[in-house]
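Engineer: For reference, the structure I am asking about is given below.
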Amino acid sequence: MSTEWNNGLPFIPGYTFRDLAKTAFHRSQTLGYKNGFALSYRPSVVIGKEVLAAEPLTHHEIDKLCFETPYAVYDKPEYEEFIPAHVALDKKVLRFYGHFKEEILHSPAESYRVRPVTIYYYLEDDSMCIIEPSVVNSGLPQGKRIKRQRLPKNEFGNYYNWKDLNLAMDLEVYGTTYRISDCDLFTKEFMESEGIVLNEPENTPEDPYIKRRSIKPNQEHINKSPAKFEKLYRFLHMDSMVLRFYGQWVECDAYQSHTWPVIIYYYLVDDTVDVREAHQRNSGRDPFPLFISRQRIPKKVKEVLKKCSNNELLHKMKIIVMEISDDLVEEYISPKDFQLGQKIKLLSHHFFLYDCDGFTREYYQKNYPDMDMKAVEIPKMEDKSKKAQVIPPYNGFGSLEDSLQNCYSLIPEPPKQNILKRLVNSNKKLRYVAKLDSPYPEDRDRRFILSYHLDTDMISIYETPRRNSGIISGKFLAKCQVAKPGSTVDNPVYYTPADLVIGATVEVFSHRFILINADLYVLKYLESNSDQVPSQTLESLKQTVGAEKESGMAFPEGLIQTSHYTFFSQSYHSGVFFVCLFFFFSYLSKKA
């Protein structure tokens, strides 16, 4: 609320009034762009578009404006291209190395402790942060000591600048004095490019407590008995040290043998082992990775003497218990038992080791130099359960391809077909006139139309009607693939257009048909595909169909009758359709 509207009244409840003339309640925009870079500006107005009182200029800024050297119009200086600091100095950080001394009270072992730190100075916004490197099992809260911020220099409100930093100097921040001893190469080059001469680097003083612990005690006064603090020593030095081996679980029995990838972990801190399965996608197994839980695995169990009932015979036997105690174990699995390229037995399971990680390989080179830890190829195990599929003999039901699908899957699928061939040769067929080769005299005058369908390579046979023959005409054979005589069921050879020669005999399921004529389209089709048809087939068609074409009889008598038969058949179906349509409209009219 502005002071003009309150007329100097205190800003307390009951003494303030709402400005009815104020219509704008938004904050003014303070973000903008200059030369393509995002910058923030100081707002000129407050909420309500009231003018913000400007801060007075300092004497230095007034003198700079008053004594600025004038220039002529043609002598206007060329200003450099504007680049903001957060762009020009982005990701440019000065790094100094230092330390500080922490006083230790009420301790006879040490009076102070030297703790190293790393000081980062960000040139982008003049902020700093101090980080102490973490030491494993130090017991001290380490890491980020001071988060990134502008560090105060004195009580007058000034902040540290990169010009205030140098080597071999003390940096006091929030009551703690840090001694800067060294810097990295980039910091050194930056300081020298800005004209700052760096002091000579110093060495970080050694911590007296760590120095005293590094001195090995006199071996003469060491007790030779097993150390009571062995577990503590291994925990401090071997914690998080794990040997990792890649192997395969090999399972063999009388019926099958198969392998499965696993990862074996050996924990050096307590000599425990666990085995995890390497899960693979779409493997059909449950994603339960733990194969053997973490435990100490015995390598050799003690054998005891057992006395028989007659107290005469003594023999050795292994102890069988639910849980094996340490008293019953002579030796546990150790790192020397893991050799790449060999099998290892863990709790009655056999694992083949073929590789390990880098840390494991370095550990063996240092502690077991005589063991070769080179990766080996994975041997291929023959699965006895996978036998060659034996296809049963054809039972005669359905086509051979359809019946074969029942042997490949539980729910059979239709056999694959050549879609492109079916699209190109859709509704295309070769028609031949055939007669039945039969010893019976009543079958000599019977005529058949043998159609070869080009899209599916199937053959269909229709018998043409003969008046007063006493034989029912119509479909004689539905569309199916006809195998040649002499071909086996396992490797059938089907009839093709090259085999349909005029005068040839086609045997269809113990019926013999003799081809006596063909359609004119057969001759045109085989001439267009003469490279796929023998010359004998083409010559027979030219002699038969070509002679009729020249004489004007393009279609044989049998095919004409077939066309009439097809026409009457189509007329019959069309008549039935119109009768049904008539009854349908009659029903609708009655309902209306």
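Residue numbering restarts at 1 in every chain; chains get A, B, ... in the order shown in the structure tokens, and ligands count up from 1 in that same order.
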I want to know what sits within 7 Å of Leu515 in chain A, based on only C-alpha atoms, with residues of the same chain fewer than 3 positions away left out; could you give that as number ranges by chain?
Structural biologist: A: 432-435, 502-505
Engineer: Got a sec to tell me which of range 389-463 of chain A DSSP assigns to helix (DSSP H, G or I), as a list in words?
Structural biologist: Leu400, Glu401, Asp402, Ser403, Leu404, Gln405, Ile419, Leu420, Lys421, Arg422, Leu423, Val424, Pro441, Glu442 and Asp443 of chain A
Engineer: Tell me which protein, DNA and RNA residues are within 10 Å of Arg447 in chain A, counting only C-alpha atoms, leaving out same-chain ones fewer than 4 positions away, and put them as number ranges by chain.
Structural biologist: A: 433-436, 443, 462-466, 473, 513, 516, 558-559
Engineer: Could you dump the residues just selected with all heavy atoms as a tab-separated table (two decimals), in the first residue's frame?
Structural biologist:
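Listing of again_2.tsv after writing:
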chain	number	residue	atom	x	y	z
A	433	VAL	N	-9.90	-81.17	-71.59
A	433	VAL	CA	-10.94	-82.18	-71.80
A	433	VAL	C	-10.28	-83.54	-71.64
A	433	VAL	O	-9.24	-83.82	-72.25
A	433	VAL	CB	-11.60	-82.05	-73.18
A	433	VAL	CG1	-12.68	-83.13	-73.36
A	433	VAL	CG2	-12.20	-80.67	-73.34
A	434	ALA	N	-10.88	-84.37	-70.80
A	434	ALA	CA	-10.30	-85.68	-70.51
A	434	ALA	C	-11.38	-86.74	-70.60
A	434	ALA	O	-12.58	-86.47	-70.41
A	434	ALA	CB	-9.66	-85.69	-69.13
A	435	LYS	N	-10.95	-87.94	-70.91
A	435	LYS	CA	-11.84	-89.09	-70.90
A	435	LYS	C	-11.27	-90.14	-69.95
A	435	LYS	O	-10.08	-90.17	-69.67
A	435	LYS	CB	-12.01	-89.67	-72.30
A	435	LYS	CG	-10.74	-90.25	-72.89
A	435	LYS	CD	-11.01	-90.82	-74.27
A	435	LYS	CE	-9.73	-91.44	-74.87
A	435	LYS	NZ	-9.97	-92.04	-76.20
A	436	LEU	N	-12.15	-90.98	-69.47
A	436	LEU	CA	-11.78	-91.96	-68.46
A	436	LEU	C	-11.26	-93.22	-69.14
A	436	LEU	O	-11.92	-93.78	-70.04
A	436	LEU	CB	-12.99	-92.29	-67.58
A	436	LEU	CG	-12.73	-93.13	-66.33
A	436	LEU	CD1	-11.79	-92.42	-65.38
A	436	LEU	CD2	-14.05	-93.45	-65.63
A	443	ASP	N	-18.14	-96.52	-69.62
A	443	ASP	CA	-17.34	-95.36	-69.24
A	443	ASP	C	-16.59	-94.74	-70.42
A	443	ASP	O	-15.89	-93.75	-70.23
A	443	ASP	CB	-16.32	-95.76	-68.17
A	443	ASP	CG	-16.99	-96.16	-66.86
A	443	ASP	OD1	-18.13	-95.71	-66.64
A	443	ASP	OD2	-16.36	-96.91	-66.08
A	462	TYR	N	-14.59	-81.98	-63.14
A	462	TYR	CA	-16.04	-81.97	-63.27
A	462	TYR	C	-16.43	-82.87	-64.45
A	462	TYR	O	-15.78	-82.87	-65.50
A	462	TYR	CB	-16.56	-80.56	-63.52
A	462	TYR	CG	-16.46	-79.67	-62.31
A	462	TYR	CD1	-15.29	-78.99	-62.03
A	462	TYR	CD2	-17.54	-79.51	-61.45
A	462	TYR	CE1	-15.18	-78.18	-60.92
A	462	TYR	CE2	-17.45	-78.69	-60.35
A	462	TYR	CZ	-16.26	-78.03	-60.08
A	462	TYR	OH	-16.17	-77.24	-58.98
A	463	GLU	N	-17.51	-83.61	-64.27
A	463	GLU	CA	-18.02	-84.46	-65.34
A	463	GLU	C	-19.16	-83.74	-66.06
A	463	GLU	O	-20.10	-83.25	-65.42
A	463	GLU	CB	-18.52	-85.79	-64.78
A	463	GLU	CG	-18.97	-86.76	-65.85
A	463	GLU	CD	-19.35	-88.11	-65.29
A	463	GLU	OE1	-19.25	-88.27	-64.05
A	463	GLU	OE2	-19.74	-88.99	-66.08
A	464	THR	N	-19.06	-83.69	-67.38
A	464	THR	CA	-20.08	-83.00	-68.18
A	464	THR	C	-21.32	-83.89	-68.29
A	464	THR	O	-21.23	-85.12	-68.34
A	464	THR	CB	-19.54	-82.69	-69.58
A	464	THR	OG1	-19.15	-83.91	-70.22
A	464	THR	CG2	-18.34	-81.76	-69.48
A	465	PRO	N	-22.50	-83.28	-68.34
A	465	PRO	CA	-23.73	-84.09	-68.43
A	465	PRO	C	-23.92	-84.70	-69.82
A	465	PRO	O	-23.60	-84.08	-70.84
A	465	PRO	CB	-24.82	-83.08	-68.10
A	465	PRO	CG	-24.25	-81.76	-68.48
A	465	PRO	CD	-22.78	-81.85	-68.24
A	466	ARG	N	-24.40	-85.92	-69.84
A	466	ARG	CA	-24.73	-86.63	-71.07
A	466	ARG	C	-26.19	-87.09	-70.97
A	466	ARG	O	-26.58	-87.73	-69.98
A	466	ARG	CB	-23.82	-87.84	-71.27
A	466	ARG	CG	-22.39	-87.48	-71.62
A	466	ARG	CD	-22.28	-87.07	-73.07
A	466	ARG	NE	-20.89	-86.74	-73.41
A	466	ARG	CZ	-20.50	-86.40	-74.63
A	466	ARG	NH1	-21.38	-86.35	-75.62
A	466	ARG	NH2	-19.23	-86.11	-74.86
A	473	SER	N	-23.94	-86.29	-63.38
A	473	SER	CA	-22.79	-85.43	-63.70
A	473	SER	C	-22.56	-84.43	-62.56
A	473	SER	O	-23.34	-84.35	-61.61
A	473	SER	CB	-23.05	-84.69	-65.01
A	473	SER	OG	-24.22	-83.88	-64.88
A	513	PHE	N	-7.06	-90.76	-66.35
A	513	PHE	CA	-7.69	-89.85	-67.28
A	513	PHE	C	-6.73	-89.57	-68.42
A	513	PHE	O	-5.53	-89.32	-68.19
A	513	PHE	CB	-8.10	-88.54	-66.60
A	513	PHE	CG	-9.17	-88.71	-65.55
A	513	PHE	CD1	-8.83	-88.98	-64.23
A	513	PHE	CD2	-10.50	-88.61	-65.88
A	513	PHE	CE1	-9.80	-89.13	-63.26
A	513	PHE	CE2	-11.49	-88.76	-64.92
A	513	PHE	CZ	-11.14	-89.02	-63.61
A	516	ILE	N	-7.49	-85.19	-73.98
A	516	ILE	CA	-7.75	-85.23	-75.43
A	516	ILE	C	-7.84	-83.85	-76.03
A	516	ILE	O	-7.72	-83.71	-77.26
A	516	ILE	CB	-9.04	-86.02	-75.71
A	516	ILE	CG1	-10.23	-85.37	-74.98
A	516	ILE	CG2	-8.89	-87.48	-75.30
A	516	ILE	CD1	-11.57	-86.04	-75.29
A	558	GLY	N	-16.92	-80.48	-75.81
A	558	GLY	CA	-17.07	-80.72	-74.37
A	558	GLY	C	-17.05	-79.44	-73.57
A	558	GLY	O	-17.82	-79.26	-72.64
A	559	LEU	N	-16.14	-78.51	-73.96
A	559	LEU	CA	-16.05	-77.26	-73.22
A	559	LEU	C	-17.26	-76.39	-73.46
A	559	LEU	O	-17.69	-75.63	-72.59
A	559	LEU	CB	-14.78	-76.51	-73.62
A	559	LEU	CG	-13.46	-77.17	-73.21
A	559	LEU	CD1	-12.31	-76.28	-73.61
A	559	LEU	CD2	-13.43	-77.45	-71.73
Engineer: Please report as CSV every residue of range 322-346 of chain A lying within 10 Å of range 354-359 of chain A, along with the nearest atom pair and their distance in Å (one decimal), using only C-alpha atoms.
Structural biologist:
residue,atom,partner,partner_atom,distance
A:Gln339,CA,A:Tyr354,CA,8.6
A:Leu340,CA,A:Tyr354,CA,5.2
A:Gly341,CA,A:Tyr354,CA,5.3
A:Gln342,CA,A:Tyr354,CA,7.8
A:Lys343,CA,A:Tyr354,CA,9.3
Engineer: Which residues come within 12 Å of Ser535 in chain A, counting only C-alpha atoms, excluding same-chain residues fewer than 4 positions away, as a ChimeraX atom specification?
Structural biologist: /A:498-499,501,526-527,529-531,539-542
Engineer: Those selected residues, please, written with all heavy atoms and delivered as a compact mmCIF listing (two decimals), in the first residue's frame.
Structural biologist:
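What follows is the written file result29.txt:
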# COMPACT_ATOMS: atom_id res chain seq x y z
N ALA A 498 3.49 -78.44 -66.97
CA ALA A 498 4.41 -79.06 -67.91
C ALA A 498 4.10 -80.54 -68.12
O ALA A 498 4.49 -81.12 -69.15
CB ALA A 498 5.85 -78.88 -67.43
N ASP A 499 3.41 -81.15 -67.15
CA ASP A 499 3.10 -82.57 -67.26
C ASP A 499 1.79 -82.85 -68.01
O ASP A 499 1.51 -84.00 -68.36
CB ASP A 499 3.01 -83.21 -65.87
CG ASP A 499 4.30 -83.03 -65.08
OD1 ASP A 499 5.38 -83.14 -65.69
OD2 ASP A 499 4.22 -82.76 -63.87
N VAL A 501 0.21 -82.97 -70.98
CA VAL A 501 0.41 -83.03 -72.43
C VAL A 501 -0.82 -83.66 -73.06
O VAL A 501 -1.44 -84.59 -72.49
CB VAL A 501 1.68 -83.85 -72.76
CG1 VAL A 501 1.98 -83.80 -74.26
CG2 VAL A 501 2.87 -83.31 -71.96
N LEU A 526 0.80 -71.04 -71.90
CA LEU A 526 2.06 -71.79 -72.02
C LEU A 526 3.01 -71.15 -73.02
O LEU A 526 4.23 -71.25 -72.86
CB LEU A 526 1.76 -73.24 -72.43
CG LEU A 526 0.96 -74.07 -71.40
CD1 LEU A 526 0.77 -75.49 -71.91
CD2 LEU A 526 1.65 -74.08 -70.06
N GLU A 527 2.48 -70.46 -74.04
CA GLU A 527 3.36 -69.74 -74.96
C GLU A 527 4.02 -68.54 -74.27
O GLU A 527 5.17 -68.21 -74.55
CB GLU A 527 2.56 -69.28 -76.18
CG GLU A 527 2.22 -70.40 -77.14
CD GLU A 527 1.40 -69.89 -78.32
OE1 GLU A 527 0.93 -68.74 -78.24
OE2 GLU A 527 1.24 -70.66 -79.30
N ASN A 529 4.84 -68.50 -71.19
CA ASN A 529 5.81 -69.06 -70.24
C ASN A 529 6.51 -70.26 -70.87
O ASN A 529 6.60 -71.34 -70.29
CB ASN A 529 5.10 -69.49 -68.95
CG ASN A 529 4.42 -68.35 -68.23
OD1 ASN A 529 5.04 -67.62 -67.46
ND2 ASN A 529 3.14 -68.16 -68.50
N SER A 530 6.98 -70.05 -72.09
CA SER A 530 7.60 -71.15 -72.83
C SER A 530 8.92 -71.61 -72.21
O SER A 530 9.33 -72.76 -72.43
CB SER A 530 7.84 -70.73 -74.28
OG SER A 530 8.68 -69.57 -74.32
N ASP A 531 9.58 -70.74 -71.41
CA ASP A 531 10.84 -71.14 -70.80
C ASP A 531 10.64 -72.13 -69.65
O ASP A 531 11.59 -72.78 -69.21
CB ASP A 531 11.59 -69.91 -70.29
CG ASP A 531 10.75 -69.07 -69.36
OD1 ASP A 531 9.50 -69.20 -69.40
OD2 ASP A 531 11.32 -68.26 -68.58
N GLU A 539 4.21 -78.30 -78.24
CA GLU A 539 3.93 -78.77 -79.59
C GLU A 539 2.63 -79.56 -79.64
O GLU A 539 1.85 -79.46 -80.60
CB GLU A 539 5.09 -79.64 -80.09
CG GLU A 539 6.35 -78.85 -80.40
CD GLU A 539 6.16 -77.88 -81.56
OE1 GLU A 539 5.31 -78.17 -82.43
OE2 GLU A 539 6.85 -76.84 -81.58
N SER A 540 2.35 -80.35 -78.61
CA SER A 540 1.10 -81.11 -78.60
C SER A 540 -0.11 -80.21 -78.54
O SER A 540 -1.15 -80.49 -79.15
CB SER A 540 1.10 -82.09 -77.42
OG SER A 540 1.09 -81.37 -76.19
N LEU A 541 0.00 -79.11 -77.80
CA LEU A 541 -1.12 -78.16 -77.72
C LEU A 541 -1.29 -77.41 -79.04
O LEU A 541 -2.42 -77.11 -79.47
CB LEU A 541 -0.90 -77.18 -76.57
CG LEU A 541 -1.07 -77.75 -75.16
CD1 LEU A 541 -0.58 -76.75 -74.12
CD2 LEU A 541 -2.53 -78.10 -74.89
N LYS A 542 -0.18 -77.07 -79.69
CA LYS A 542 -0.29 -76.37 -80.97
C LYS A 542 -0.93 -77.25 -82.04
O LYS A 542 -1.72 -76.77 -82.86
CB LYS A 542 1.10 -75.91 -81.42
CG LYS A 542 1.66 -74.75 -80.63
CD LYS A 542 3.03 -74.34 -81.15
CE LYS A 542 3.59 -73.17 -80.35
NZ LYS A 542 4.93 -72.76 -80.85
Engineer: One decimal, in Å: what's the spacing between CA of Tyr368 in chain A and CA of Lys336 in chain A?
Structural biologist: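 Distance between the two atoms: 7.6 Å.
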Engineer: Quick one: residues within 6 Å of range 146-152 of chain A, only C-alpha atoms, excluding same-chain residues fewer than 5 positions away - as an mmCIF file with N, CA and C atoms, in the first residue's frame?
Structural biologist:
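Below is the file around-v9.cif, written as the result:
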data_model
loop_
_atom_site.group_PDB
_atom_site.id
_atom_site.type_symbol
_atom_site.label_atom_id
_atom_site.label_comp_id
_atom_site.auth_asym_id
_atom_site.auth_seq_id
_atom_site.Cartn_x
_atom_site.Cartn_y
_atom_site.Cartn_z
ATOM 1 N N SER A 127 30.764 -17.923 -6.576
ATOM 2 C CA SER A 127 30.398 -18.738 -5.432
ATOM 3 C C SER A 127 31.500 -19.759 -5.153
ATOM 4 N N MET A 128 31.494 -20.288 -3.924
ATOM 5 C CA MET A 128 32.522 -21.227 -3.490
ATOM 6 C C MET A 128 31.861 -22.368 -2.718
ATOM 7 N N CYS A 129 32.533 -23.508 -2.717
ATOM 8 C CA CYS A 129 32.126 -24.624 -1.876
ATOM 9 C C CYS A 129 33.374 -25.356 -1.419
ATOM 10 N N ILE A 130 33.298 -25.977 -0.249
ATOM 11 C CA ILE A 130 34.427 -26.683 0.347
ATOM 12 C C ILE A 130 33.987 -28.112 0.613
ATOM 13 N N ASN A 158 31.502 -7.713 2.584
ATOM 14 C CA ASN A 158 32.254 -8.057 1.373
ATOM 15 C C ASN A 158 32.391 -9.580 1.258
ATOM 16 N N TYR A 159 32.563 -10.036 0.004
ATOM 17 C CA TYR A 159 32.678 -11.463 -0.274
ATOM 18 C C TYR A 159 34.035 -11.757 -0.910
ATOM 19 N N TYR A 160 34.410 -13.012 -0.787
ATOM 20 C CA TYR A 160 35.676 -13.439 -1.374
ATOM 21 C C TYR A 160 35.589 -13.414 -2.896
#
Engineer: I'd like the contact shell of Tyr525 in chain A - 12 Å cut-off, only C-alpha atoms, skipping same-chain residues fewer than 2 positions apart - returned as a list of chain:residue names.
Structural biologist: A:Asn425, A:Lys428, A:Lys429, A:Leu430, A:Arg431, A:Leu454, A:Pro497, A:Ala498, A:Ala518, A:Asp519, A:Leu520, A:Tyr521, A:Val522, A:Leu523, A:Glu527, A:Ser528, A:Asn529, A:Ser530, A:Asp531, A:Gln532, A:Val533, A:Leu538, A:Leu541
Engineer: Out of A:Lys479, A:Cys407, A:Asn418, A:Thr187, which residue has the shortest atom-to-atom distance to Val390 in chain A when counting only C-alpha atoms?
Structural biologist: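 The answer is A:Cys407, which sits nearest to Val390 in chain A.
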Engineer: Can you tell me which residues surround range 174-178 of chain A at a distance of at most 9 Å, considering only C-alpha atoms, apart from same-chain residues fewer than 2 positions away, and format the answer as a PDB file with N, CA, C and O atoms, in the first residue's frame?
Structural biologist:
ATOM      1  N   GLY A  98      43.766 -27.809   0.076  1.00  0.00           N
ATOM      2  CA  GLY A  98      44.196 -27.275   1.360  1.00  0.00           C
ATOM      3  C   GLY A  98      43.878 -28.228   2.489  1.00  0.00           C
ATOM      4  O   GLY A  98      43.531 -29.401   2.275  1.00  0.00           O
ATOM      5  N   HIS A  99      43.938 -27.730   3.698  1.00  0.00           N
ATOM      6  CA  HIS A  99      43.657 -28.537   4.880  1.00  0.00           C
ATOM      7  C   HIS A  99      43.326 -27.604   6.028  1.00  0.00           C
ATOM      8  O   HIS A  99      43.549 -26.373   5.939  1.00  0.00           O
ATOM      9  N   PHE A 100      42.813 -28.175   7.088  1.00  0.00           N
ATOM     10  CA  PHE A 100      42.608 -27.431   8.329  1.00  0.00           C
ATOM     11  C   PHE A 100      42.895 -28.373   9.489  1.00  0.00           C
ATOM     12  O   PHE A 100      42.790 -29.600   9.366  1.00  0.00           O
ATOM     13  N   LYS A 101      43.254 -27.797  10.601  1.00  0.00           N
ATOM     14  CA  LYS A 101      43.608 -28.553  11.795  1.00  0.00           C
ATOM     15  C   LYS A 101      42.455 -28.513  12.779  1.00  0.00           C
ATOM     16  O   LYS A 101      41.973 -27.440  13.150  1.00  0.00           O
ATOM     17  N   VAL A 117      41.056 -30.833   2.521  1.00  0.00           N
ATOM     18  CA  VAL A 117      39.836 -30.327   1.885  1.00  0.00           C
ATOM     19  C   VAL A 117      40.172 -29.892   0.461  1.00  0.00           C
ATOM     20  O   VAL A 117      41.340 -29.697   0.101  1.00  0.00           O
ATOM     21  N   LEU A 151      30.971 -16.758  -0.068  1.00  0.00           N
ATOM     22  CA  LEU A 151      31.497 -16.779   1.294  1.00  0.00           C
ATOM     23  C   LEU A 151      31.855 -15.361   1.736  1.00  0.00           C
ATOM     24  O   LEU A 151      32.521 -14.616   0.996  1.00  0.00           O
ATOM     25  N   PRO A 152      31.405 -14.972   2.944  1.00  0.00           N
ATOM     26  CA  PRO A 152      31.711 -13.614   3.424  1.00  0.00           C
ATOM     27  C   PRO A 152      33.200 -13.459   3.745  1.00  0.00           C
ATOM     28  O   PRO A 152      33.842 -14.354   4.287  1.00  0.00           O
ATOM     29  N   MET A 169      48.414 -19.483   1.810  1.00  0.00           N
ATOM     30  CA  MET A 169      47.702 -18.436   2.537  1.00  0.00           C
ATOM     31  C   MET A 169      46.588 -19.097   3.351  1.00  0.00           C
ATOM     32  O   MET A 169      46.191 -20.247   3.097  1.00  0.00           O
ATOM     33  N   ASP A 170      46.083 -18.351   4.340  1.00  0.00           N
ATOM     34  CA  ASP A 170      45.012 -18.816   5.191  1.00  0.00           C
ATOM     35  C   ASP A 170      43.697 -18.217   4.723  1.00  0.00           C
ATOM     36  O   ASP A 170      43.619 -17.026   4.401  1.00  0.00           O
ATOM     37  N   LEU A 171      42.674 -19.062   4.682  1.00  0.00           N
ATOM     38  CA  LEU A 171      41.335 -18.641   4.283  1.00  0.00           C
ATOM     39  C   LEU A 171      40.403 -18.911   5.455  1.00  0.00           C
ATOM     40  O   LEU A 171      40.150 -20.059   5.816  1.00  0.00           O
ATOM     41  N   GLU A 172      39.890 -17.847   6.026  1.00  0.00           N
ATOM     42  CA  GLU A 172      39.032 -17.967   7.202  1.00  0.00           C
ATOM     43  C   GLU A 172      37.582 -17.874   6.772  1.00  0.00           C
ATOM     44  O   GLU A 172      37.144 -16.865   6.188  1.00  0.00           O
ATOM     45  N   ILE A 180      45.512 -22.987   2.251  1.00  0.00           N
ATOM     46  CA  ILE A 180      45.583 -23.357   0.846  1.00  0.00           C
ATOM     47  C   ILE A 180      47.033 -23.703   0.517  1.00  0.00           C
ATOM     48  O   ILE A 180      47.931 -22.870   0.704  1.00  0.00           O
TER      49      ILE A 180
END
